[in-house]
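**Q** Following this line is coords-v8.pdb, made up of PDB, C-alpha atoms and all ligand atoms:
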```
ATOM      1  CA  MET A 830      30.746 142.321 247.859
ATOM      2  CA  SER A 831      32.158 138.799 247.963
ATOM      3  CA  LEU A 832      35.548 137.888 246.597
ATOM      4  CA  ASN A 833      33.888 135.930 243.803
ATOM      5  CA  ASN A 834      31.884 138.949 242.762
ATOM      6  CA  ALA A 835      35.048 141.015 242.772
ATOM      7  CA  VAL A 836      36.706 138.476 240.498
ATOM      8  CA  LEU A 837      33.750 138.398 238.106
ATOM      9  CA  PRO A 838      32.317 141.918 238.176
ATOM     10  CA  GLY A 839      28.914 141.750 236.546
ATOM     11  CA  GLY A 840      29.956 138.787 234.450
ATOM     12  CA  PRO A 841      27.522 136.067 233.422
ATOM     13  CA  GLY A 842      26.714 133.124 235.631
ATOM     14  CA  PRO A 843      25.889 132.539 239.273
ATOM     15  CA  GLU A 844      28.450 135.048 240.560
ATOM     16  CA  GLU A 845      26.797 138.082 238.989
ATOM     17  CA  LEU A 846      26.613 141.121 241.241
ATOM     18  CA  VAL A 847      22.930 141.481 240.413
ATOM     19  CA  PRO A 848      21.021 138.206 240.020
ATOM     20  CA  SER A 849      18.753 139.779 237.345
ATOM     21  CA  ARG A 850      15.722 137.786 238.359
ATOM     22  CA  TYR A 851      12.717 138.717 240.453
ATOM     23  CA  ALA A 852      10.162 136.230 241.734
ATOM     24  CA  LEU A 853       6.548 136.924 242.550
ATOM     25  CA  ARG A 854       3.342 134.997 243.071
ATOM     26  CA  VAL A 855      -0.020 135.555 241.468
ATOM     27  CA  GLY A 856      -2.381 133.473 243.599
ATOM     28  CA  GLU A 857      -1.217 129.896 243.037
ATOM     29  CA  ILE A 858       0.940 130.831 240.028
ATOM     30  CA  ASP A 859       4.704 131.374 240.360
ATOM     31  CA  ALA A 860       6.225 133.980 238.063
ATOM     32  CA  LEU A 861       9.894 134.866 237.656
ATOM     33  CA  VAL A 862      10.976 137.929 235.688
ATOM     34  CA  VAL A 863      14.414 137.294 234.166
ATOM     35  CA  SER A 864      16.501 139.957 232.454
ATOM     36  CA  ASP A 865      18.044 138.914 229.139
ATOM     37  CA  GLY A 866      20.192 142.064 229.326
ATOM     38  CA  VAL A 867      19.824 145.463 227.707
ATOM     39  CA  LEU A 868      19.572 146.747 224.144
ATOM     40  CA  PRO A 869      21.163 150.131 223.414
ATOM     41  CA  LEU A 870      18.923 151.898 220.875
ATOM     42  CA  PRO A 871      18.640 155.442 219.517
ATOM     43  CA  THR A 872      16.191 157.427 221.634
ATOM     44  CA  LYS A 873      14.266 158.662 218.597
ATOM     45  CA  THR A 874      13.038 155.068 218.114
ATOM     46  CA  LEU A 875      10.887 155.647 221.235
ATOM     47  CA  ALA A 876       8.873 158.429 219.669
ATOM     48  CA  THR A 877       8.934 158.598 215.889
ATOM     49  CA  ASN A 878       5.970 160.988 215.654
ATOM     50  CA  ALA A 879       6.864 163.266 218.595
ATOM     51  CA  ASP A 880       8.242 166.777 218.492
ATOM     52  CA  PRO A 881      12.005 166.240 219.114
ATOM     53  CA  ALA A 882      11.885 168.911 221.842
ATOM     54  CA  ALA A 883       9.119 166.991 223.642
ATOM     55  CA  LEU A 884      11.164 163.794 223.504
ATOM     56  CA  ALA A 885      14.278 165.657 224.714
ATOM     57  CA  ALA A 886      12.248 167.044 227.617
ATOM     58  CA  TRP A 887      10.995 163.574 228.548
ATOM     59  CA  LEU A 888      14.561 162.205 228.478
ATOM     60  CA  ASP A 889      15.836 165.119 230.588
ATOM     61  CA  ASP A 890      13.002 164.656 233.097
ATOM     62  CA  ASN A 891      14.022 161.014 233.468
ATOM     63  CA  TYR A 892      17.764 161.734 233.738
ATOM     64  CA  LEU A 893      18.377 159.793 230.542
ATOM     65  CA  PRO A 894      20.888 160.603 227.797
ATOM     66  CA  ARG A 895      19.410 162.168 224.684
ATOM     67  CA  ASP A 896      21.116 160.010 222.042
ATOM     68  CA  VAL A 897      21.027 156.317 222.996
ATOM     69  CA  ILE A 898      19.364 154.550 225.917
ATOM     70  CA  ASP A 899      19.437 150.966 227.131
ATOM     71  CA  TRP A 900      16.118 149.218 226.680
ATOM     72  CA  ALA A 901      15.524 146.486 229.212
ATOM     73  CA  LEU A 902      14.768 143.053 227.773
ATOM     74  CA  ASN A 903      12.601 141.046 230.179
ATOM     75  CA  VAL A 904      11.492 137.437 229.889
ATOM     76  CA  VAL A 905       9.121 135.647 232.277
ATOM     77  CA  VAL A 906       9.005 132.053 233.486
ATOM     78  CA  VAL A 907       5.625 130.943 234.836
ATOM     79  CA  ARG A 908       4.803 127.782 236.764
ATOM     80  CA  SER A 909       1.150 126.801 237.025
ATOM     81  CA  GLY A 910      -0.273 123.338 237.551
ATOM     82  CA  ASP A 911       2.183 120.916 235.984
ATOM     83  CA  ARG A 912       3.311 123.365 233.288
ATOM     84  CA  THR A 913       6.491 125.451 233.153
ATOM     85  CA  VAL A 914       5.963 128.241 230.657
ATOM     86  CA  LEU A 915       8.652 130.461 229.169
ATOM     87  CA  ILE A 916       7.219 133.746 227.909
ATOM     88  CA  ASP A 917       9.510 134.992 225.133
ATOM     89  CA  ALA A 918      13.167 134.034 224.858
ATOM     90  CA  GLY A 919      15.305 137.157 224.578
ATOM     91  CA  VAL A 920      17.529 138.161 221.666
ATOM     92  CA  GLY A 921      20.115 135.389 221.742
ATOM     93  CA  THR A 922      23.164 136.072 219.648
ATOM     94  CA  GLU A 923      21.317 136.998 216.459
ATOM     95  CA  TYR A 924      22.497 140.569 216.335
ATOM     96  CA  PRO A 925      26.093 141.670 216.894
ATOM     97  CA  GLY A 926      25.090 145.129 218.195
ATOM     98  CA  PHE A 927      23.761 143.751 221.482
ATOM     99  CA  PRO A 928      26.718 142.285 223.393
ATOM    100  CA  ARG A 929      25.074 142.896 226.797
ATOM    101  CA  ALA A 930      21.896 140.961 225.943
ATOM    102  CA  GLY A 931      21.322 137.301 225.112
ATOM    103  CA  GLN A 932      21.967 136.251 228.706
ATOM    104  CA  LEU A 933      18.782 134.252 229.256
ATOM    105  CA  GLY A 934      20.558 130.864 229.181
ATOM    106  CA  SER A 935      23.092 131.661 231.896
ATOM    107  CA  ARG A 936      20.474 133.446 233.987
ATOM    108  CA  LEU A 937      18.027 130.526 233.826
ATOM    109  CA  ASP A 938      20.944 128.302 234.857
ATOM    110  CA  ALA A 939      21.706 130.608 237.780
ATOM    111  CA  ALA A 940      18.008 130.439 238.779
ATOM    112  CA  GLY A 941      18.137 126.620 238.712
ATOM    113  CA  ILE A 942      15.753 126.394 235.752
ATOM    114  CA  ASP A 943      16.626 123.638 233.323
ATOM    115  CA  LEU A 944      15.520 124.215 229.710
ATOM    116  CA  ALA A 945      14.358 120.591 229.654
ATOM    117  CA  SER A 946      11.771 121.452 232.335
ATOM    118  CA  VAL A 947      10.039 123.982 230.058
ATOM    119  CA  THR A 948       6.792 122.452 228.775
ATOM    120  CA  ASP A 949       5.531 125.480 226.839
ATOM    121  CA  VAL A 950       6.877 128.633 225.247
ATOM    122  CA  VAL A 951       4.519 131.539 224.605
ATOM    123  CA  LEU A 952       5.621 134.224 222.165
ATOM    124  CA  THR A 953       4.259 137.751 222.337
ATOM    125  CA  HIS A 954       5.471 138.140 218.748
ATOM    126  CA  MET A 955       8.301 137.069 216.443
ATOM    127  CA  HIS A 956      10.702 140.031 216.588
ATOM    128  CA  MET A 957      14.258 138.809 217.145
ATOM    129  CA  ASP A 958      14.496 140.174 220.685
ATOM    130  CA  HIS A 959      11.678 137.766 221.599
ATOM    131  CA  VAL A 960      12.598 134.600 219.646
ATOM    132  CA  GLY A 961      16.378 134.908 219.211
ATOM    133  CA  GLY A 962      17.140 133.048 222.441
ATOM    134  CA  LEU A 963      15.629 129.890 220.921
ATOM    135  CA  LEU A 964      18.150 130.034 218.058
ATOM    136  CA  VAL A 965      21.292 130.081 220.206
ATOM    137  CA  ASP A 966      23.582 127.113 219.475
ATOM    138  CA  GLY A 967      22.706 124.134 221.653
ATOM    139  CA  VAL A 968      19.366 125.462 222.956
ATOM    140  CA  LYS A 969      17.051 123.405 220.740
ATOM    141  CA  GLU A 970      18.890 120.224 221.746
ATOM    142  CA  GLN A 971      18.163 120.940 225.432
ATOM    143  CA  LEU A 972      14.447 121.558 224.863
ATOM    144  CA  ARG A 973      11.931 118.731 225.149
ATOM    145  CA  PRO A 974      10.895 116.990 221.957
ATOM    146  CA  ASP A 975       7.246 117.596 222.934
ATOM    147  CA  LEU A 976       7.746 121.328 223.657
ATOM    148  CA  ARG A 977       4.738 123.369 222.549
ATOM    149  CA  ILE A 978       5.349 126.909 221.260
ATOM    150  CA  HIS A 979       2.195 129.024 221.323
ATOM    151  CA  VAL A 980       2.016 131.955 218.933
ATOM    152  CA  ALA A 981      -0.864 133.711 217.189
ATOM    153  CA  ALA A 982      -1.670 132.308 213.745
ATOM    154  CA  ALA A 983      -1.740 135.909 212.462
ATOM    155  CA  GLU A 984       1.878 136.352 213.577
ATOM    156  CA  VAL A 985       3.203 133.342 211.707
ATOM    157  CA  LYS A 986       1.230 134.392 208.623
ATOM    158  CA  PHE A 987       2.542 137.986 208.855
ATOM    159  CA  TRP A 988       6.169 136.855 208.755
ATOM    160  CA  GLU A 989       5.615 134.907 205.532
ATOM    161  CA  ALA A 990       5.556 138.325 203.776
ATOM    162  CA  PRO A 991       6.175 140.994 206.441
ATOM    163  CA  ASP A 992       5.239 144.623 205.806
ATOM    164  CA  PHE A 993       7.894 147.095 207.013
ATOM    165  CA  SER A 994       6.392 150.143 205.264
ATOM    166  CA  ARG A 995       5.276 151.856 208.495
ATOM    167  CA  VAL A 996       8.208 151.118 210.792
ATOM    168  CA  SER A 997      11.030 153.534 211.593
ATOM    169  CA  MET A 998      13.853 151.282 212.743
ATOM    170  CA  PRO A 999      17.604 151.845 212.844
ATOM    171  CA  PRO A1000      19.373 150.702 209.647
ATOM    172  CA  GLY A1001      19.904 146.969 209.334
ATOM    173  CA  PHE A1002      17.029 146.002 211.608
ATOM    174  CA  PRO A1003      14.373 145.100 209.029
ATOM    175  CA  ASP A1004      16.710 142.580 207.351
ATOM    176  CA  ALA A1005      17.813 141.103 210.679
ATOM    177  CA  LEU A1006      14.194 140.820 211.895
ATOM    178  CA  ARG A1007      13.060 139.184 208.648
ATOM    179  CA  ALA A1008      15.921 136.682 208.679
ATOM    180  CA  THR A1009      15.466 135.755 212.351
ATOM    181  CA  ALA A1010      11.702 135.260 212.104
ATOM    182  CA  LYS A1011      12.170 133.102 209.002
ATOM    183  CA  ARG A1012      14.819 130.961 210.673
ATOM    184  CA  PHE A1013      12.693 130.580 213.798
ATOM    185  CA  ALA A1014       9.618 129.487 211.785
ATOM    186  CA  GLU A1015      11.690 126.948 209.862
ATOM    187  CA  GLU A1016      13.530 125.492 212.843
ATOM    188  CA  TYR A1017      10.538 125.231 215.157
ATOM    189  CA  ARG A1018       7.653 124.600 212.728
ATOM    190  CA  SER A1019       6.767 121.194 214.205
ATOM    191  CA  HIS A1020       6.522 122.716 217.729
ATOM    192  CA  LEU A1021       4.173 125.582 216.835
ATOM    193  CA  ARG A1022       0.664 125.572 218.318
ATOM    194  CA  LEU A1023      -1.278 128.393 216.700
ATOM    195  CA  PHE A1024      -4.223 130.216 218.245
ATOM    196  CA  ASP A1025      -6.571 132.789 216.723
ATOM    197  CA  ASP A1026      -7.604 135.116 219.571
ATOM    198  CA  GLU A1027      -6.764 133.469 222.855
ATOM    199  CA  TYR A1028      -5.610 130.231 224.412
ATOM    200  CA  GLU A1029      -5.247 128.949 227.985
ATOM    201  CA  VAL A1030      -1.692 127.600 228.101
ATOM    202  CA  ALA A1031      -1.795 126.475 231.745
ATOM    203  CA  PRO A1032      -4.288 126.956 234.609
ATOM    204  CA  GLY A1033      -4.882 130.727 234.835
ATOM    205  CA  VAL A1034      -2.328 131.523 232.106
ATOM    206  CA  VAL A1035      -4.064 132.891 229.019
ATOM    207  CA  VAL A1036      -2.416 134.340 225.927
ATOM    208  CA  HIS A1037      -4.551 136.915 224.163
ATOM    209  CA  ARG A1038      -3.895 138.459 220.753
ATOM    210  CA  THR A1039      -3.943 142.280 220.622
ATOM    211  CA  GLY A1040      -2.327 143.064 217.258
ATOM    212  CA  GLY A1041      -0.868 146.549 216.787
ATOM    213  CA  HIS A1042       2.873 146.203 217.343
ATOM    214  CA  THR A1043       2.691 143.272 214.915
ATOM    215  CA  PRO A1044      -0.541 141.696 213.609
ATOM    216  CA  GLY A1045      -0.169 138.719 215.937
ATOM    217  CA  HIS A1046       1.229 140.582 218.950
ATOM    218  CA  SER A1047      -0.206 139.054 222.114
ATOM    219  CA  VAL A1048      -0.257 139.686 225.852
ATOM    220  CA  ILE A1049      -0.306 137.039 228.563
ATOM    221  CA  ARG A1050      -2.738 137.313 231.459
ATOM    222  CA  LEU A1051      -2.164 135.486 234.731
ATOM    223  CA  ALA A1052      -5.126 135.128 237.085
ATOM    224  CA  SER A1053      -5.393 133.053 240.253
ATOM    225  CA  GLY A1054      -7.170 133.439 243.574
ATOM    226  CA  GLY A1055      -8.224 137.033 242.878
ATOM    227  CA  ASP A1056      -4.698 138.139 241.883
ATOM    228  CA  ARG A1057      -3.935 139.257 238.342
ATOM    229  CA  LEU A1058      -0.856 140.182 236.336
ATOM    230  CA  MET A1059      -0.447 141.065 232.675
ATOM    231  CA  PHE A1060       2.735 140.556 230.670
ATOM    232  CA  ALA A1061       2.203 143.158 227.976
ATOM    233  CA  GLY A1062       5.110 142.355 225.667
ATOM    234  CA  ASP A1063       5.788 145.345 223.399
ATOM    235  CA  ALA A1064       2.387 147.009 223.837
ATOM    236  CA  VAL A1065       3.903 149.555 226.221
ATOM    237  CA  PHE A1066       7.339 151.171 226.475
ATOM    238  CA  ALA A1067       8.776 153.467 229.144
ATOM    239  CA  VAL A1068       7.482 156.609 227.379
ATOM    240  CA  GLY A1069       4.029 155.079 226.877
ATOM    241  CA  PHE A1070       2.463 156.042 230.202
ATOM    242  CA  GLU A1071       2.914 159.791 229.819
ATOM    243  CA  HIS A1072       2.761 159.654 226.027
ATOM    244  CA  PRO A1073       0.650 156.694 224.925
ATOM    245  CA  ASP A1074       0.209 158.323 221.502
ATOM    246  CA  TRP A1075       3.932 158.331 220.726
ATOM    247  CA  PHE A1076       4.718 155.777 218.057
ATOM    248  CA  ASN A1077       7.536 153.323 218.624
ATOM    249  CA  GLY A1078       9.755 152.751 215.591
ATOM    250  CA  PHE A1079       9.321 148.979 215.825
ATOM    251  CA  GLU A1080       5.532 149.129 215.497
ATOM    252  CA  HIS A1081       4.334 147.733 212.185
ATOM    253  CA  ASP A1082       0.941 149.477 212.540
ATOM    254  CA  PRO A1083       1.682 152.475 214.783
ATOM    255  CA  GLU A1084      -1.870 153.873 214.977
ATOM    256  CA  GLU A1085      -3.292 150.491 215.950
ATOM    257  CA  ALA A1086      -0.398 149.932 218.378
ATOM    258  CA  ALA A1087      -1.271 153.225 220.114
ATOM    259  CA  ARG A1088      -4.961 152.221 220.319
ATOM    260  CA  VAL A1089      -3.983 148.860 221.827
ATOM    261  CA  ARG A1090      -1.676 150.608 224.327
ATOM    262  CA  VAL A1091      -4.394 153.007 225.512
ATOM    263  CA  ARG A1092      -6.953 150.202 225.781
ATOM    264  CA  LEU A1093      -4.616 148.016 227.861
ATOM    265  CA  LEU A1094      -3.427 150.885 230.074
ATOM    266  CA  ARG A1095      -7.048 151.885 230.779
ATOM    267  CA  GLU A1096      -7.872 148.304 231.657
ATOM    268  CA  LEU A1097      -4.811 148.010 233.935
ATOM    269  CA  ALA A1098      -5.677 151.271 235.699
ATOM    270  CA  GLU A1099      -9.248 150.049 236.243
ATOM    271  CA  THR A1100      -8.372 146.601 237.558
ATOM    272  CA  GLY A1101      -5.272 147.647 239.530
ATOM    273  CA  GLU A1102      -3.610 144.424 238.425
ATOM    274  CA  GLN A1103       0.160 144.146 238.090
ATOM    275  CA  LEU A1104       1.934 144.873 234.832
ATOM    276  CA  VAL A1105       5.214 143.474 233.530
ATOM    277  CA  ALA A1106       6.444 144.364 230.046
ATOM    278  CA  THR A1107       9.405 143.404 227.911
ATOM    279  CA  HIS A1108      11.144 146.755 227.639
ATOM    280  CA  LEU A1109      10.233 148.475 230.922
ATOM    281  CA  PRO A1110      13.188 148.823 233.300
ATOM    282  CA  PHE A1111      13.862 145.541 235.122
ATOM    283  CA  PRO A1112      12.124 144.039 237.014
ATOM    284  CA  SER A1113       9.307 146.053 235.466
ATOM    285  CA  VAL A1114       6.755 145.044 238.080
ATOM    286  CA  GLY A1115       4.235 147.766 238.806
ATOM    287  CA  ARG A1116       0.778 149.122 238.308
ATOM    288  CA  VAL A1117      -0.856 151.794 236.187
ATOM    289  CA  ALA A1118      -2.738 154.886 237.325
ATOM    290  CA  VAL A1119      -4.701 157.401 235.282
ATOM    291  CA  ASP A1120      -2.975 160.812 235.275
ATOM    292  CA  GLY A1121      -5.005 163.538 233.554
ATOM    293  CA  ASP A1122      -5.263 162.616 229.872
ATOM    294  CA  ALA A1123      -2.516 160.033 230.191
ATOM    295  CA  PHE A1124      -1.173 157.483 232.641
ATOM    296  CA  ARG A1125       1.406 157.058 235.361
ATOM    297  CA  TRP A1126       3.681 154.079 236.097
ATOM    298  CA  VAL A1127       3.551 153.043 239.753
ATOM    299  CA  ALA A1128       6.531 150.810 240.505
ATOM    300  CA  ALA A1129       5.848 147.970 242.938
ATOM    301  CA  PHE A1130       7.599 148.012 246.283
ATOM    302  CA  TRP A1131      10.122 145.173 246.321
ATOM    303  CA  ASP A1132       9.142 142.308 248.577
ATOM    304  CA  TYR A1133      12.659 141.574 249.824
TER     305      TYR A1133
HETATM  306 ZN    ZN B   1      10.701 143.871 221.684
END
```
Take the structure I supplied and represent it as structure tokens, if you would.

**A**
Amino acid sequence: MSLNNAVLPGGPGPEELVPSRYALRVGEIDALVVSDGVLPLPTKTLATNADPAALAAWLDDNYLPRDVIDWALNVVVVRSGDRTVLIDAGVGTEYPGFPRAGQLGSRLDAAGIDLASVTDVVLTHMHMDHVGGLLVDGVKEQLRPDLRIHVAAAEVKFWEAPDFSRVSMPPGFPDALRATAKRFAEEYRSHLRLFDDEYEVAPGVVVHRTGGHTPGHSVIRLASGGDRLMFAGDAVFAVGFEHPDWFNGFEHDPEEAARVRVRLLRELAETGEQLVATHLPFPSVGRVAVDGDAFRWVAAFWDY
């Protein structure tokens, strides 16, 4: 440990003990997973339809506390051709209950990535932990005037009159999510580039709408030179490999979200491509294997 690290234990900025970024290449495409921090959430949000004893057993098996666990919050920066693409933007400072998240700005700085170099933003969906980073004071001013923000048309439409009847979120969240999505749509309306089902944002970088978690939820597929990686957004959570049928409390259509999860996990197991997802433990780079009736997460060996 250096003296600087000792002075700033785990604090934000270039002297952090853990750099909270992980770089990899997919053929000719550069990808950088950046942690925005962690979100402490009640464990029952991970499995709203599960037998509480089954959830407790899963938590015990994973050496996790039974009441509240820290969800990772991962963002990805992709460079392909002449485009620099930011996939999601973290939670920002929209919600006071998440003091350890909203670190994307300082971590991009530490990685030497200037917000003004970002040509495109792709949003998996418009929940506040994915768009909030764009609403932090001073961020919009640093972004390029010609920035394009790609989001599914169905997502923007959904948030005009969002349906929260099927979710099971902690108190306060529906109002915060509504308010953040509304503010985002208002502030960035002129930057939005809507797609219906899929759109190639940069060479080999394709955003593809899945629905489920939200009606416009989308995944991003990277493909170059025979290599493939999927950023699955909120289609899969840490419990979702062993229990793909467990509903997450943030899913607006839980049955459809579970169908999407199983479809994507099957595809990932078949292709053997890499998976990164928003809320899998950082750096969340791994692969998927079939395991009986369910799946198994196979963490990638670090390259360093
Ligand atoms: Zn999320």

**Q** Please measure the separation of CA of Asp889 (chain A) and CA of Leu875 (chain A), giving the value in Å to one decimal.

**A** 14.2 Å

**Q** Could you state which residues are captured by the PyMOL selection byres (((chain A and resi 914) around 9) and not hetatm) in this file, as a list in words?

**A**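 Answer for the PyMOL selection byres (((chain A and resi 914) around 9) and not hetatm): Val905, Val906, Val907, Arg908, Ser909, Arg912, Thr913, Leu915, Ile916, Val947, Thr948, Asp949, Val950, Val951, Val1030 and Ala1031 of chain A.
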
**Q** Assuming the chain letters and numbering stay as they are in my file, what does the PyMOL selection byres (((chain A and resi 1130) around 12) and not hetatm) actually select? List them as a CSV table (one decimal) with C-alpha atoms, in the coordinates of the input.

**A**
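Everything below was put into part.csv:
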```csv
chain,number,residue,atom,x,y,z
A,853,LEU,CA,6.5,136.9,242.6
A,1103,GLN,CA,0.2,144.1,238.1
A,1112,PRO,CA,12.1,144.0,237.0
A,1113,SER,CA,9.3,146.1,235.5
A,1114,VAL,CA,6.8,145.0,238.1
A,1115,GLY,CA,4.2,147.8,238.8
A,1116,ARG,CA,0.8,149.1,238.3
A,1127,VAL,CA,3.6,153.0,239.8
A,1128,ALA,CA,6.5,150.8,240.5
A,1129,ALA,CA,5.8,148.0,242.9
A,1131,TRP,CA,10.1,145.2,246.3
A,1132,ASP,CA,9.1,142.3,248.6
A,1133,TYR,CA,12.7,141.6,249.8
```

**Q** Name the residues that the PyMOL selection byres (((chain A and resi 1087-1092) around 10) and not hetatm) pulls out of this structure, and write them as an NGL selection string.

**A** :A and (1039-1042 or 1061 or 1063-1066 or 1069-1070 or 1072-1077 or 1080 or 1082-1086 or 1093-1097 or 1123-1124)

**Q** Kindly work out which residues sit at most 8 Å from ligand ZN 1 (chain B), using all atoms listed in the file, and give the list as a list in words.

**A**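 Written in the requested form, the residues are Leu902, His956, Met957, Asp958, His959, Gly1062, Asp1063, Phe1079, Thr1107 and His1108 of chain A.
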
**Q** Calculate how many Å separate CA of Leu1023 (chain A) from CA of Glu1102 (chain A), rounding to one decimal.

**A**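 So the answer is 27.1 Å.
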
**Q** Using all atoms listed in the file, which residue out of A:Val920, A:Glu1029, A:Ser864, A:Ala883 lies closest to Val847 (chain A)?

**A**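 For Val847 (chain A), the nearest of the candidates is A:Ser864.
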
**Q** Find the spatial neighbours of Ala1005 (chain A), counting all atoms listed in the file, within a cut-off of 10 Å - ignore same-chain residues fewer than 4 positions away - and output them as a list in words.

**A** Glu923, Tyr924, His956, Met957, Pro1000, Gly1001, Thr1009, Ala1010 and Lys1011 of chain A

**Q** Create the file for the chosen residues now, containing C-alpha atoms and written as a CSV table (one decimal), keeping the file's coordinate frame.

**A**
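Produced file out-v7.csv, reproduced below:
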```csv
chain,number,residue,atom,x,y,z
A,923,GLU,CA,21.3,137.0,216.5
A,924,TYR,CA,22.5,140.6,216.3
A,956,HIS,CA,10.7,140.0,216.6
A,957,MET,CA,14.3,138.8,217.1
A,1000,PRO,CA,19.4,150.7,209.6
A,1001,GLY,CA,19.9,147.0,209.3
A,1009,THR,CA,15.5,135.8,212.4
A,1010,ALA,CA,11.7,135.3,212.1
A,1011,LYS,CA,12.2,133.1,209.0
```
